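Contents: one structure, followed by commentary.
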Amino acid sequence: MKASFKTMWLLSLGILVALAAGCNDTLRQFIVPVPSPSGDPGTLAHAITLSTNPLPAGGNGSDMHIDVSGDSSVGIVPLGLNPVFLGKTSNRVFIINKGGPSIPPTVSAYIALLPTSTVSTVTLPSTSSGPVAGATSSSGNIYIANSGSNNVDVISSAVFAVTATLPVGTEPVMIAGNGANNKIYVVNHGSANVTEISTIDNTVVKNIAVGSQPIWAVMSTDGLFVFVVNQGDGTVSVIDTSLDIVLPCTPGPSCLGGNAIKVGTTAASSPNFAFYDPKLKRVYVTNTGEQSITVIKGNGFDLGSNPQVLPAKIADIPVSGKPTSVTALSDGTRAYAALGNCTGVVNHLTLPTSTGNCLGNLVSVIDAVGLRETTTITVGVGAISVDASSDASRVFAISANDITTVRDDVVPGALPDRTFPTPSISIIRTTTNSVLATPVDPSIVNRPLPTFHVPQQDPGCVPTIDPSFNSHVPLPCPLQTPFMVRTFP
C-alpha cells in the first residue's frame, strides 16, 4: 500500500511539473517579485513647504511634501488662492487660503502623510474676513482666527464644515492649543489680550490682558502653559491654563511690570515667533529687531511653593543675523534659527507678501546646553522658516529669494550671465550640519543647487534650453514663493 501511494505521488508531481513548464509564460505575469530589504527606510514623516503664487493675475498656491527618510519630493498639493497659514491636527494638515476680492476665504485639509489623498475644502462664512492662523485641540476641531472680523470660526472634524463662529478681541492673529488641553487661547493683536475658549462647548471663558501688540503664542506640550509673544514691547507673557492668569515672573532686570519677561537686549527686539522644546522644557523666541534668540524656562511653575517657581529668562543668545524662525532637535542637543535679516516689521502676517525684504542666507546652529551659536550654515537668500524632523536627523530651511545664475557655455564669456529667481528648500543633515545639495559644473551654474526648488507658478511650464546661450542647462520657469515649512508628525 505504501509503495503504491509513493508511485502515484511521484506520477502526480511529474504531471504538475510538466504542466507548469508548459504554462511558464502564462504564470510568469502573476509572479510579483519581493525586493530584499536595503537600508533603513525610517519612520514615515514629511516636511511640508507652503508657497503662495505671485502670478500677475493671482494664482492658486500649493504645498510640497518631502519624505524625510528618503530625501525626496513625494507630492505637490494644489491649494486655494493666497494661502497664508499651514497647521496640523493629529492626522491631517490644514491650510488657510485668504482668497481675493471676488473669491471667499477657504480652508483646505487632507491626510498629512498622503499628499495624493482627497483635499477637502470648506468656505468660511461671509461674516468672517481676514483669516490668518489656526489651531486644533483635544476635540479635533479646527479653529480659525479671522483678523478682519474679530471672530473665530469652528470647523467640525466630523463633518468638515463651520459649525460655530465665536466673538473674540480686536484683530485676532494666532491661536494656541493642542491635544493635551480642552481650551484654546486666541491672541488679539489689536486689543492686547488673549481670549480663552472652551473647546468642550465652544464658549468664550474670559479675556486675559497681555503685553503690547501680541503676535504669536505657543502652548507647552502638556497643555499647562501658554507663552505669548508681544512684539510691540518686546516681551513674553506666560499664562497658566489651570488658573487662567498671567503668571508673575522672577524678579530682576528681565522682569518688566512684574509679569512680562523682556526678550532680547534692546528696546527694539521685536520678537515674532516662539518654539516650545518638549525635551528641555524651554521656549526659544526669535527677536527680528536684533541678532538674538531668547531662551525662557518653560515648565514647573508653582505659585504655592516656597520659594515660588516663576517664569524667567534663561539667556539671550547672540546669533549672526536677524532671525525670523527657530526650531529645536527632539534630542535636546541643538536649536536652529533661520537668519532672514528682514527689514521692517516681520511676523507671519507680513511674510507671505514681503519676503523680498529678507536677504539673509544663513541658518544658525545653537548649542542647547552651552547656550551659544556654534556655527552657521549657508543656504539660499531669504532664509525665513525652519523646522526639524521628529527624529532629529534633518532640518528643513526655506530660501524665499534664492537665485540661480546660468553662464554662457556656447561661446564662454560672449554673453552676460542670466540670473533667475529660484526659491528653494534646503535639507540640512544634522550629523554634519551640511546641506544636501545638487552638485553642478561651476563653469555653467554659479554654485551647487539646493536640495529642491519649489513648485512652478504655472505647473504646465516646461523649462527650455536656449541653444544660443547654454546647451546643457534648461532655463527655469518662474516659481512660487515659499514662506513656511512644517514637519509632520
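The way I read the labels, and the way they are meant: chains A, B, ... in the order of the C-alpha cells, residue 1 as the first residue of every chain, and ligand 1 as the first ligand shown, with later ones counted on from there.
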Select from segment 254-465 of chain A everything DSSP, run on the backbone, classes as strand (DSSP E), then give the selection as a ChimeraX atom specification. /A:255-256,260-262,271-277,282-287,292-297,313-318,325-328,334-339,362-367,372-378,383-388,394-399,403-406,418-421,424-429,434-435,452-453
Which residues are near segment 119-135 of chain A? Cut-off 8 Å, only C-alpha atoms, ignore same chain within fewer than 3 positions. Put them as number ranges by chain. A: 84-89, 96-98, 104-110, 142-149, 151, 153, 160-162, 173-178, 349
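Computed from the coordinates, the atom CA of Asn60 of chain A to atom CA of Val386 of chain A distance equals 23.2 Å.
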For Leu310 of chain A, work out the shell of residues within 9 Å, counting only C-alpha atoms and skipping chain neighbours fewer than 4 positions away, then give it as a ChimeraX atom specification. /A:247-251,297,300-303
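Proximity ranking of A:Leu81, A:Val186, A:Lys262, A:Ser426 relative to Asn53 of chain A places A:Leu81 first, based on only C-alpha atoms.
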